[in-house]
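The data block below is model_26.pdb; it holds PDB, C-alpha atoms.
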```pdb
ATOM      1  CA  MET A1205      -5.329 -69.445  -5.759  1.00  0.00           C
ATOM      2  CA  GLU A1206      -2.247 -67.319  -6.092  1.00  0.00           C
ATOM      3  CA  TYR A1207       0.603 -67.952  -3.662  1.00  0.00           C
ATOM      4  CA  ASN A1208       3.307 -65.547  -2.623  1.00  0.00           C
ATOM      5  CA  THR A1209       5.918 -67.910  -4.039  1.00  0.00           C
ATOM      6  CA  SER A1210       4.471 -67.344  -7.516  1.00  0.00           C
ATOM      7  CA  ARG A1211       4.300 -63.553  -7.170  1.00  0.00           C
ATOM      8  CA  SER A1212       7.034 -61.099  -7.990  1.00  0.00           C
ATOM      9  CA  LYS A1213       9.352 -60.015  -5.207  1.00  0.00           C
ATOM     10  CA  MET A1214       8.255 -56.899  -3.343  1.00  0.00           C
ATOM     11  CA  LEU A1215      11.255 -54.598  -3.312  1.00  0.00           C
ATOM     12  CA  MET A1216       9.604 -52.190  -0.832  1.00  0.00           C
ATOM     13  CA  PRO A1217       6.987 -54.067   1.247  1.00  0.00           C
ATOM     14  CA  GLU A1218       5.976 -50.957   3.193  1.00  0.00           C
ATOM     15  CA  TYR A1219       3.941 -49.731   0.205  1.00  0.00           C
ATOM     16  CA  GLY A1220       2.013 -52.960  -0.214  1.00  0.00           C
ATOM     17  CA  ARG A1221       1.245 -55.394  -3.019  1.00  0.00           C
ATOM     18  CA  ASN A1222      -1.229 -53.130  -4.835  1.00  0.00           C
ATOM     19  CA  VAL A1223       1.324 -50.347  -5.309  1.00  0.00           C
ATOM     20  CA  GLN A1224       3.803 -52.945  -6.506  1.00  0.00           C
ATOM     21  CA  ARG A1225       1.313 -54.083  -9.167  1.00  0.00           C
ATOM     22  CA  MET A1226       0.762 -50.488 -10.291  1.00  0.00           C
ATOM     23  CA  VAL A1227       4.501 -50.042 -10.667  1.00  0.00           C
ATOM     24  CA  GLU A1228       4.730 -53.231 -12.703  1.00  0.00           C
ATOM     25  CA  TYR A1229       1.938 -51.949 -14.956  1.00  0.00           C
ATOM     26  CA  VAL A1230       3.714 -48.621 -15.454  1.00  0.00           C
ATOM     27  CA  MET A1231       6.767 -50.517 -16.673  1.00  0.00           C
ATOM     28  CA  THR A1232       4.673 -52.018 -19.486  1.00  0.00           C
ATOM     29  CA  ILE A1233       3.419 -48.659 -20.838  1.00  0.00           C
ATOM     30  CA  GLU A1234       5.213 -47.755 -24.045  1.00  0.00           C
ATOM     31  CA  ASP A1235       3.995 -44.161 -24.370  1.00  0.00           C
ATOM     32  CA  ARG A1236       6.553 -42.056 -22.498  1.00  0.00           C
ATOM     33  CA  ALA A1237       4.146 -39.244 -21.605  1.00  0.00           C
ATOM     34  CA  LYS A1238       1.492 -41.661 -20.377  1.00  0.00           C
ATOM     35  CA  ARG A1239       4.115 -43.563 -18.386  1.00  0.00           C
ATOM     36  CA  LEU A1240       5.178 -40.325 -16.659  1.00  0.00           C
ATOM     37  CA  SER A1241       1.556 -39.426 -15.886  1.00  0.00           C
ATOM     38  CA  ASN A1242       0.934 -42.792 -14.274  1.00  0.00           C
ATOM     39  CA  ALA A1243       4.197 -42.575 -12.334  1.00  0.00           C
ATOM     40  CA  GLU A1244       3.156 -39.194 -10.908  1.00  0.00           C
ATOM     41  CA  ALA A1245      -0.192 -40.682  -9.833  1.00  0.00           C
ATOM     42  CA  ILE A1246       1.655 -43.483  -8.054  1.00  0.00           C
ATOM     43  CA  ILE A1247       3.835 -40.898  -6.290  1.00  0.00           C
ATOM     44  CA  GLU A1248       0.730 -39.159  -4.942  1.00  0.00           C
ATOM     45  CA  LEU A1249      -0.670 -42.492  -3.739  1.00  0.00           C
ATOM     46  CA  MET A1250       2.620 -43.363  -2.042  1.00  0.00           C
ATOM     47  CA  GLY A1251       2.564 -40.045  -0.214  1.00  0.00           C
ATOM     48  CA  THR A1252      -1.015 -40.711   0.955  1.00  0.00           C
ATOM     49  CA  LEU A1253      -0.151 -44.195   2.224  1.00  0.00           C
ATOM     50  CA  ASN A1254       2.869 -42.873   4.124  1.00  0.00           C
ATOM     51  CA  PRO A1255       1.944 -39.392   5.410  1.00  0.00           C
ATOM     52  CA  HIS A1256       4.885 -39.357   7.843  1.00  0.00           C
ATOM     53  CA  LEU A1257       7.213 -38.899   4.849  1.00  0.00           C
ATOM     54  CA  LYS A1258       5.698 -35.459   4.293  1.00  0.00           C
ATOM     55  CA  GLN A1259       7.491 -34.274   7.412  1.00  0.00           C
ATOM     56  CA  ILE A1260      10.808 -34.782   5.618  1.00  0.00           C
ATOM     57  CA  GLU A1261      12.216 -31.834   3.720  1.00  0.00           C
ATOM     58  CA  ASP A1262      11.751 -32.317  -0.035  1.00  0.00           C
ATOM     59  CA  TYR A1263       9.807 -35.530   0.632  1.00  0.00           C
ATOM     60  CA  LYS A1264       8.809 -35.989  -3.029  1.00  0.00           C
ATOM     61  CA  HIS A1265      12.441 -36.534  -3.914  1.00  0.00           C
ATOM     62  CA  LYS A1266      12.401 -39.402  -1.405  1.00  0.00           C
ATOM     63  CA  LEU A1267       9.253 -40.837  -2.980  1.00  0.00           C
ATOM     64  CA  TRP A1268      10.744 -40.759  -6.454  1.00  0.00           C
ATOM     65  CA  ASP A1269      13.813 -42.569  -5.154  1.00  0.00           C
ATOM     66  CA  HIS A1270      11.513 -45.227  -3.678  1.00  0.00           C
ATOM     67  CA  LEU A1271       9.680 -45.544  -6.962  1.00  0.00           C
ATOM     68  CA  TYR A1272      12.956 -46.153  -8.783  1.00  0.00           C
ATOM     69  CA  GLN A1273      13.845 -48.785  -6.188  1.00  0.00           C
ATOM     70  CA  MET A1274      10.522 -50.552  -6.735  1.00  0.00           C
ATOM     71  CA  THR A1275      11.356 -50.841 -10.454  1.00  0.00           C
ATOM     72  CA  ASP A1276      14.849 -52.148  -9.684  1.00  0.00           C
ATOM     73  CA  PHE A1277      16.180 -48.823 -11.056  1.00  0.00           C
ATOM     74  CA  LYS A1278      14.806 -49.606 -14.549  1.00  0.00           C
ATOM     75  CA  LEU A1279      12.124 -46.883 -14.730  1.00  0.00           C
ATOM     76  CA  ASP A1280      12.659 -44.567 -17.681  1.00  0.00           C
ATOM     77  CA  VAL A1281      10.679 -41.340 -17.254  1.00  0.00           C
ATOM     78  CA  ASP A1282      11.383 -37.622 -17.288  1.00  0.00           C
ATOM     79  CA  ALA A1283      11.209 -37.305 -13.511  1.00  0.00           C
ATOM     80  CA  PRO A1284      11.717 -33.932 -11.761  1.00  0.00           C
ATOM     81  CA  TYR A1285      14.695 -35.432  -9.930  1.00  0.00           C
ATOM     82  CA  PRO A1286      17.725 -37.330 -11.250  1.00  0.00           C
ATOM     83  CA  ALA A1287      17.439 -41.075 -11.150  1.00  0.00           C
ATOM     84  CA  PRO A1288      19.466 -42.620  -8.303  1.00  0.00           C
ATOM     85  CA  THR A1289      21.880 -45.474  -8.771  1.00  0.00           C
ATOM     86  CA  PRO A1290      22.058 -48.652  -6.670  1.00  0.00           C
ATOM     87  CA  GLU A1291      25.477 -47.578  -5.445  1.00  0.00           C
ATOM     88  CA  GLN A1292      24.072 -44.320  -4.081  1.00  0.00           C
ATOM     89  CA  VAL A1293      21.043 -45.914  -2.410  1.00  0.00           C
ATOM     90  CA  PHE A1294      22.736 -48.941  -0.884  1.00  0.00           C
ATOM     91  CA  LYS A1295      26.002 -47.267  -0.023  1.00  0.00           C
ATOM     92  CA  LYS A1296      27.167 -48.374   3.412  1.00  0.00           C
ATOM     93  CA  PRO A1297      28.223 -45.689   5.870  1.00  0.00           C
ATOM     94  CA  GLU A1298      31.855 -45.352   6.758  1.00  0.00           C
ATOM     95  CA  VAL A1299      32.944 -47.424   9.705  1.00  0.00           C
ATOM     96  CA  ILE A1300      33.696 -45.302  12.746  1.00  0.00           C
ATOM     97  CA  PRO A1301      36.916 -46.521  14.358  1.00  0.00           C
ATOM     98  CA  TYR A1302      36.509 -47.562  17.965  1.00  0.00           C
ATOM     99  CA  PRO A1303      38.996 -45.837  20.277  1.00  0.00           C
ATOM    100  CA  GLN A1304      41.687 -48.271  21.303  1.00  0.00           C
ATOM    101  CA  SER A1305      43.582 -46.049  23.713  1.00  0.00           C
ATOM    102  CA  SER A1306      43.887 -47.448  27.212  1.00  0.00           C
ATOM    103  CA  ILE A1307      43.031 -45.426  30.324  1.00  0.00           C
ATOM    104  CA  GLU A1308      45.710 -45.573  32.966  1.00  0.00           C
ATOM    105  CA  ASN A1309      43.509 -44.300  35.800  1.00  0.00           C
ATOM    106  CA  ARG A1310      40.098 -45.806  35.150  1.00  0.00           C
ATOM    107  CA  HIS A1311      38.624 -44.629  38.440  1.00  0.00           C
ATOM    108  CA  PHE A1312      39.179 -41.007  37.338  1.00  0.00           C
ATOM    109  CA  GLY A1313      38.217 -41.488  33.684  1.00  0.00           C
ATOM    110  CA  LYS A1314      39.771 -40.395  30.401  1.00  0.00           C
ATOM    111  CA  ASN A1315      39.258 -36.685  31.045  1.00  0.00           C
ATOM    112  CA  MET A1316      41.638 -36.921  33.975  1.00  0.00           C
ATOM    113  CA  ASP A1317      44.440 -38.170  31.730  1.00  0.00           C
ATOM    114  CA  ALA A1318      43.785 -35.294  29.320  1.00  0.00           C
ATOM    115  CA  LEU A1319      43.950 -32.738  32.150  1.00  0.00           C
ATOM    116  CA  ILE A1320      47.211 -34.157  33.485  1.00  0.00           C
ATOM    117  CA  GLU A1321      48.747 -34.205  30.008  1.00  0.00           C
ATOM    118  CA  LYS A1322      47.760 -30.577  29.420  1.00  0.00           C
ATOM    119  CA  ALA A1323      49.164 -29.525  32.799  1.00  0.00           C
ATOM    120  CA  LEU A1324      52.464 -31.282  32.160  1.00  0.00           C
ATOM    121  CA  LYS A1325      52.868 -29.527  28.798  1.00  0.00           C
ATOM    122  CA  GLU A1326      52.216 -26.063  30.263  1.00  0.00           C
ATOM    123  CA  THR A1327      55.382 -23.937  30.455  1.00  0.00           C
ATOM    124  CA  ASP A1328      54.004 -21.001  32.445  1.00  0.00           C
ATOM    125  CA  PRO A1329      54.553 -21.878  36.151  1.00  0.00           C
ATOM    126  CA  GLU A1330      51.509 -19.914  37.326  1.00  0.00           C
ATOM    127  CA  LYS A1331      49.164 -21.560  34.794  1.00  0.00           C
ATOM    128  CA  LYS A1332      50.703 -24.945  35.497  1.00  0.00           C
ATOM    129  CA  GLN A1333      49.985 -24.581  39.200  1.00  0.00           C
ATOM    130  CA  GLY A1334      46.463 -23.459  38.375  1.00  0.00           C
ATOM    131  CA  PHE A1335      45.927 -26.614  36.334  1.00  0.00           C
ATOM    132  CA  THR A1336      47.332 -28.626  39.229  1.00  0.00           C
ATOM    133  CA  GLN A1337      44.867 -27.105  41.691  1.00  0.00           C
ATOM    134  CA  ILE A1338      41.943 -27.782  39.331  1.00  0.00           C
ATOM    135  CA  ILE A1339      43.045 -31.398  38.968  1.00  0.00           C
ATOM    136  CA  GLY A1340      43.224 -31.694  42.739  1.00  0.00           C
ATOM    137  CA  TYR A1341      39.684 -30.334  43.126  1.00  0.00           C
ATOM    138  CA  TYR A1342      38.440 -32.771  40.481  1.00  0.00           C
ATOM    139  CA  MET A1343      40.116 -35.671  42.297  1.00  0.00           C
ATOM    140  CA  LYS A1344      38.363 -34.609  45.506  1.00  0.00           C
ATOM    141  CA  LEU A1345      34.965 -34.599  43.814  1.00  0.00           C
ATOM    142  CA  ALA A1346      35.571 -37.962  42.161  1.00  0.00           C
ATOM    143  CA  TYR A1347      36.759 -39.498  45.413  1.00  0.00           C
ATOM    144  CA  THR A1348      33.756 -38.122  47.325  1.00  0.00           C
ATOM    145  CA  ASN A1349      31.241 -39.372  44.731  1.00  0.00           C
ATOM    146  CA  TRP A1350      32.609 -42.898  44.789  1.00  0.00           C
ATOM    147  CA  HIS A1351      33.627 -43.411  48.411  1.00  0.00           C
ATOM    148  CA  LYS A1352      31.064 -41.263  50.270  1.00  0.00           C
ATOM    149  CA  GLU A1353      33.546 -40.260  52.957  1.00  0.00           C
ATOM    150  CA  PRO A1354      35.785 -37.266  53.759  1.00  0.00           C
ATOM    151  CA  VAL A1355      38.924 -36.777  51.706  1.00  0.00           C
ATOM    152  CA  HIS A1356      42.079 -35.090  52.979  1.00  0.00           C
ATOM    153  CA  ASP A1357      44.360 -32.752  51.073  1.00  0.00           C
ATOM    154  CA  ASP A1358      47.462 -34.754  51.969  1.00  0.00           C
ATOM    155  CA  MET A1359      46.013 -37.855  50.325  1.00  0.00           C
ATOM    156  CA  ILE A1360      45.210 -35.927  47.126  1.00  0.00           C
ATOM    157  CA  ARG A1361      48.686 -34.396  47.120  1.00  0.00           C
ATOM    158  CA  THR A1362      50.362 -37.798  47.507  1.00  0.00           C
ATOM    159  CA  GLU A1363      48.236 -39.513  44.850  1.00  0.00           C
ATOM    160  CA  LEU A1364      48.666 -36.713  42.286  1.00  0.00           C
ATOM    161  CA  ALA A1365      52.423 -36.711  42.818  1.00  0.00           C
ATOM    162  CA  ALA A1366      52.457 -40.489  42.270  1.00  0.00           C
ATOM    163  CA  LEU A1367      50.429 -40.167  39.054  1.00  0.00           C
ATOM    164  CA  THR A1368      52.752 -37.519  37.603  1.00  0.00           C
ATOM    165  CA  ASN A1369      56.066 -38.784  38.992  1.00  0.00           C
ATOM    166  CA  GLY A1370      56.286 -35.751  41.255  1.00  0.00           C
ATOM    167  CA  GLU A1371      55.950 -33.160  38.482  1.00  0.00           C
ATOM    168  CA  LEU A1372      52.632 -31.777  39.747  1.00  0.00           C
ATOM    169  CA  GLN A1373      52.464 -30.763  43.412  1.00  0.00           C
ATOM    170  CA  TYR A1374      49.010 -30.004  44.742  1.00  0.00           C
ATOM    171  CA  GLU A1375      48.920 -27.265  47.381  1.00  0.00           C
ATOM    172  CA  PRO A1376      46.459 -28.043  50.198  1.00  0.00           C
ATOM    173  CA  GLY A1377      43.840 -25.438  51.042  1.00  0.00           C
ATOM    174  CA  GLY A1378      41.378 -23.397  49.063  1.00  0.00           C
ATOM    175  CA  TYR A1379      38.194 -25.122  47.989  1.00  0.00           C
ATOM    176  CA  ARG A1380      37.510 -28.189  50.111  1.00  0.00           C
ATOM    177  CA  VAL A1381      35.087 -31.001  49.518  1.00  0.00           C
ATOM    178  CA  TYR A1382      33.709 -32.994  52.423  1.00  0.00           C
ATOM    179  CA  PHE A1383      30.798 -35.272  51.770  1.00  0.00           C
ATOM    180  CA  ASP A1384      29.746 -35.546  55.422  1.00  0.00           C
ATOM    181  CA  THR A1385      29.647 -31.784  55.854  1.00  0.00           C
ATOM    182  CA  ARG A1386      27.461 -31.245  52.831  1.00  0.00           C
ATOM    183  CA  THR A1387      25.166 -34.102  53.804  1.00  0.00           C
ATOM    184  CA  ASN A1388      24.784 -32.894  57.380  1.00  0.00           C
ATOM    185  CA  PHE A1389      24.104 -29.362  56.202  1.00  0.00           C
ATOM    186  CA  LYS A1390      21.393 -30.623  53.883  1.00  0.00           C
ATOM    187  CA  ASN A1391      19.888 -32.853  56.558  1.00  0.00           C
ATOM    188  CA  ASN A1392      19.916 -30.020  59.094  1.00  0.00           C
ATOM    189  CA  ASN A1393      18.041 -27.776  56.680  1.00  0.00           C
ATOM    190  CA  ASN A1394      15.464 -30.498  56.052  1.00  0.00           C
ATOM    191  CA  ASN A1395      15.021 -31.094  59.772  1.00  0.00           C
ATOM    192  CA  ASN A1396      14.628 -27.376  60.459  1.00  0.00           C
ATOM    193  CA  ASN A1397      12.013 -27.038  57.728  1.00  0.00           C
ATOM    194  CA  ARG A1398      10.126 -30.061  59.070  1.00  0.00           C
ATOM    195  CA  ASN A1399      10.187 -28.696  62.623  1.00  0.00           C
ATOM    196  CA  ASN A1400       8.941 -25.316  61.444  1.00  0.00           C
ATOM    197  CA  ARG A1401       6.014 -26.940  59.636  1.00  0.00           C
ATOM    198  CA  ASN A1402       5.120 -28.964  62.741  1.00  0.00           C
ATOM    199  CA  ASN A1403       5.256 -25.863  64.947  1.00  0.00           C
ATOM    200  CA  ASN A1404       3.013 -23.952  62.552  1.00  0.00           C
ATOM    201  CA  ASN A1405       0.472 -26.790  62.542  1.00  0.00           C
ATOM    202  CA  ASN A1406       0.463 -26.950  66.343  1.00  0.00           C
ATOM    203  CA  ASN A1407      -0.034 -23.189  66.654  1.00  0.00           C
ATOM    204  CA  ARG A1408      -2.893 -23.319  64.158  1.00  0.00           C
ATOM    205  CA  ASN A1409      -4.608 -26.110  66.108  1.00  0.00           C
ATOM    206  CA  ASN A1410      -4.193 -24.260  69.398  1.00  0.00           C
ATOM    207  CA  ASN A1411      -5.717 -21.109  67.928  1.00  0.00           C
ATOM    208  CA  ASN A1412      -8.707 -23.063  66.635  1.00  0.00           C
ATOM    209  CA  ASN A1413      -9.290 -24.653  70.044  1.00  0.00           C
ATOM    210  CA  ASN A1414      -9.075 -21.287  71.843  1.00  0.00           C
ATOM    211  CA  ARG A1415     -11.645 -19.786  69.478  1.00  0.00           C
ATOM    212  CA  GLY A1416     -14.100 -22.613  70.187  1.00  0.00           C
ATOM    213  CA  GLY A1417     -14.111 -24.194  66.761  1.00  0.00           C
ATOM    214  CA  GLY A1418     -13.612 -20.992  64.804  1.00  0.00           C
ATOM    215  CA  TYR A1419     -16.709 -18.975  65.810  1.00  0.00           C
ATOM    216  CA  GLY A1420     -15.248 -16.981  68.688  1.00  0.00           C
ATOM    217  CA  ASN A1421     -16.403 -16.772  72.316  1.00  0.00           C
ATOM    218  CA  SER A1422     -19.130 -14.120  71.937  1.00  0.00           C
ATOM    219  CA  GLY A1423     -22.283 -16.162  71.647  1.00  0.00           C
ATOM    220  CA  GLY A1424     -20.916 -18.484  69.005  1.00  0.00           C
ATOM    221  CA  TYR A1425     -21.320 -22.184  68.783  1.00  0.00           C
ATOM    222  CA  ASN A1426     -19.556 -24.131  71.535  1.00  0.00           C
ATOM    223  CA  LYS A1427     -19.241 -27.859  71.146  1.00  0.00           C
ATOM    224  CA  ASN A1428     -19.157 -28.279  74.942  1.00  0.00           C
ATOM    225  CA  ARG A1429     -22.488 -26.456  75.449  1.00  0.00           C
ATOM    226  CA  LYS A1430     -25.415 -28.668  76.396  1.00  0.00           C
ATOM    227  CA  PHE A1431     -29.017 -28.037  75.355  1.00  0.00           C
ATOM    228  CA  ASN A1432     -32.115 -29.110  77.175  1.00  0.00           C
ATOM    229  CA  LYS A1433     -34.684 -30.306  74.716  1.00  0.00           C
ATOM    230  CA  ASN A1434     -37.527 -29.939  77.295  1.00  0.00           C
ATOM    231  CA  LYS A1435     -36.610 -26.404  78.306  1.00  0.00           C
ATOM    232  CA  ASN A1436     -39.434 -24.722  76.388  1.00  0.00           C
ATOM    233  CA  LYS A1437     -42.090 -27.254  77.280  1.00  0.00           C
TER     234      LYS A1437
END
```
Turn this file's structure into structure tokens for me.
Amino acid sequence: MEYNTSRSKMLMPEYGRNVQRMVEYVMTIEDRAKRLSNAEAIIELMGTLNPHLKQIEDYKHKLWDHLYQMTDFKLDVDAPYPAPTPEQVFKKPEVIPYPQSSIENRHFGKNMDALIEKALKETDPEKKQGFTQIIGYYMKLAYTNWHKEPVHDDMIRTELAALTNGELQYEPGGYRVYFDTRTNFKNNNNNNNRNNRNNNNNNRNNNNNNRGGGYGNSGGYNKNRKFNKNKNK
């Protein structure tokens, strides 16, 4: 019995032990042309065993790279693609630095700090005031989303002035955000639609009752009409 401990190490287990044995046999072939022919046959088998690789652009290049890996980069054939090196295959990606900047106003998020910084750097008074108004509107939306209650312009004006040391002065008015108003408007619409549906159903039922079950009053079927079974006897 042959144990795994006595077998050679499988460099790419996803292709299985049989493919690994074929690769080991190819490495023993001395004829260069025959070795290339057998390597191409192994490439076709690898593509059949892993059909999902065919969805990759230029998938055969990937298969040849895998074949080189299975030979520990020692395969010597005239492949259609350049032989890869261990450094290229096992190269680690560059580490992405994690942002270490602190957020002063966490309840507004990092975008809020960027908006305030851009507004403070603006030299045109009209554009600067426009940025200030946009920041005020954003603060209203953020406050409404988190607190679920009305927000007043004076509160936004005071808080924005405190955040910018008085450099940005929000002007009350314009676009207003009130959570209760929007909620009530939505609820009123839903209630009106529900009432309309109920009224339509009631009218439809009344019409059916007046028609006597849908057949009319001119000799049609009436559920209240009584029949005498012995009438014709």
For the structure shown, which residues end up in the PyMOL selection byres ((chain A and resi 1244) around 12)? Put them as an MDAnalysis selection string, please? chainID A and resid 1226:1227 1230 1237:1243 1245:1251 1264:1265 1267:1268 1271 1281:1284
Mind checking which residues fall within 10 Å of Glu1218 (chain A), counting only C-alpha atoms, ignoring those fewer than 2 positions away in the same chain, and posting them as an MDAnalysis selection string? chainID A and resid 1214:1216 1220:1221 1223 1250 1253:1254
Atomic distance CA of Pro1286 (chain A) - CA of Pro1255 (chain A), expressed in Å with one decimal: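 For CA of Pro1286 (chain A) relative to CA of Pro1255 (chain A), the distance reads 23.0 Å.
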Residue with the minimum atom-to-atom distance to His1356 (chain A), picked from A:His1256, A:Pro1376, A:Gln1224, A:Arg1310 with only C-alpha atoms counted, is A:Pro1376
So which residues get picked by the PyMOL selection byres ((chain A and resi 1361) around 10) here, written as a list in words? Thr1336, Gln1337, Gly1340, Met1343, His1356, Asp1357, Asp1358, Met1359, Ile1360, Thr1362, Glu1363, Leu1364, Ala1365, Ala1366, Gly1370, Leu1372, Gln1373, Tyr1374, Glu1375 and Pro1376 of chain A
So that I can see what lies close to Leu1279 (chain A), please list as an mmCIF file with C-alpha atoms, in the coordinates of the input the residues with an atom at most 7 Å from it, counting only C-alpha atoms and leaving out residues fewer than 3 positions away in the same chain.
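Contents of around28.cif, as written:
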```cif
data_model
loop_
_atom_site.group_PDB
_atom_site.id
_atom_site.type_symbol
_atom_site.label_atom_id
_atom_site.label_comp_id
_atom_site.auth_asym_id
_atom_site.auth_seq_id
_atom_site.Cartn_x
_atom_site.Cartn_y
_atom_site.Cartn_z
ATOM 1 C CA MET A 1231 6.767 -50.517 -16.673
ATOM 2 C CA TYR A 1272 12.956 -46.153 -8.783
ATOM 3 C CA THR A 1275 11.356 -50.841 -10.454
#
```
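Reported to one decimal place, the separation of CA of Phe1277 (chain A) from CA of Leu1257 (chain A) is 20.8 Å.
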Using only the atoms of region 1303-1314 of chain A listed in the file, plus 6 Å on each side, state the axis-aligned box centre and edge lengths in Å rounded to one decimal, as AutoDock Vina command-line options.
```
--center_x 42.0 --center_y -44.3 --center_z 29.4 --size_x 19.5 --size_y 19.9 --size_z 30.2
```
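Between CA of Tyr1207 (chain A) and CA of Tyr1229 (chain A) the interatomic distance comes to 19.6 Å.
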Non-local contacts of Pro1288 (chain A) (7 Å; all atoms listed in the file; under 4 positions in same chain excluded) as a PDB file with C-alpha atoms, in the coordinates of the input:
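Output contents, as saved in around00.pdb:
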```
ATOM      1  CA  ASP A1269      13.813 -42.569  -5.154  1.00  0.00           C
ATOM      2  CA  GLN A1292      24.072 -44.320  -4.081  1.00  0.00           C
ATOM      3  CA  VAL A1293      21.043 -45.914  -2.410  1.00  0.00           C
TER       4      VAL A1293
END
```
Could you state which residues are captured by the PyMOL selection byres ((chain A and resi 1316) around 12) in this file, as a short mmCIF file (atom, residue, chain, number, x, y, z; two decimals) with C-alpha atoms, keeping the file's coordinate frame?
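New file selection39.cif:
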```
data_model
loop_
_atom_site.label_atom_id
_atom_site.label_comp_id
_atom_site.auth_asym_id
_atom_site.auth_seq_id
_atom_site.Cartn_x
_atom_site.Cartn_y
_atom_site.Cartn_z
CA ILE A 1307 43.03 -45.43 30.32
CA GLU A 1308 45.71 -45.57 32.97
CA ASN A 1309 43.51 -44.30 35.80
CA ARG A 1310 40.10 -45.81 35.15
CA HIS A 1311 38.62 -44.63 38.44
CA PHE A 1312 39.18 -41.01 37.34
CA GLY A 1313 38.22 -41.49 33.68
CA LYS A 1314 39.77 -40.40 30.40
CA ASN A 1315 39.26 -36.68 31.04
CA ASP A 1317 44.44 -38.17 31.73
CA ALA A 1318 43.78 -35.29 29.32
CA LEU A 1319 43.95 -32.74 32.15
CA ILE A 1320 47.21 -34.16 33.48
CA GLU A 1321 48.75 -34.20 30.01
CA LYS A 1322 47.76 -30.58 29.42
CA ALA A 1323 49.16 -29.52 32.80
CA PHE A 1335 45.93 -26.61 36.33
CA THR A 1336 47.33 -28.63 39.23
CA ILE A 1338 41.94 -27.78 39.33
CA ILE A 1339 43.04 -31.40 38.97
CA GLY A 1340 43.22 -31.69 42.74
CA TYR A 1341 39.68 -30.33 43.13
CA TYR A 1342 38.44 -32.77 40.48
CA MET A 1343 40.12 -35.67 42.30
CA ALA A 1346 35.57 -37.96 42.16
CA LEU A 1364 48.67 -36.71 42.29
CA LEU A 1367 50.43 -40.17 39.05
CA THR A 1368 52.75 -37.52 37.60
#
```
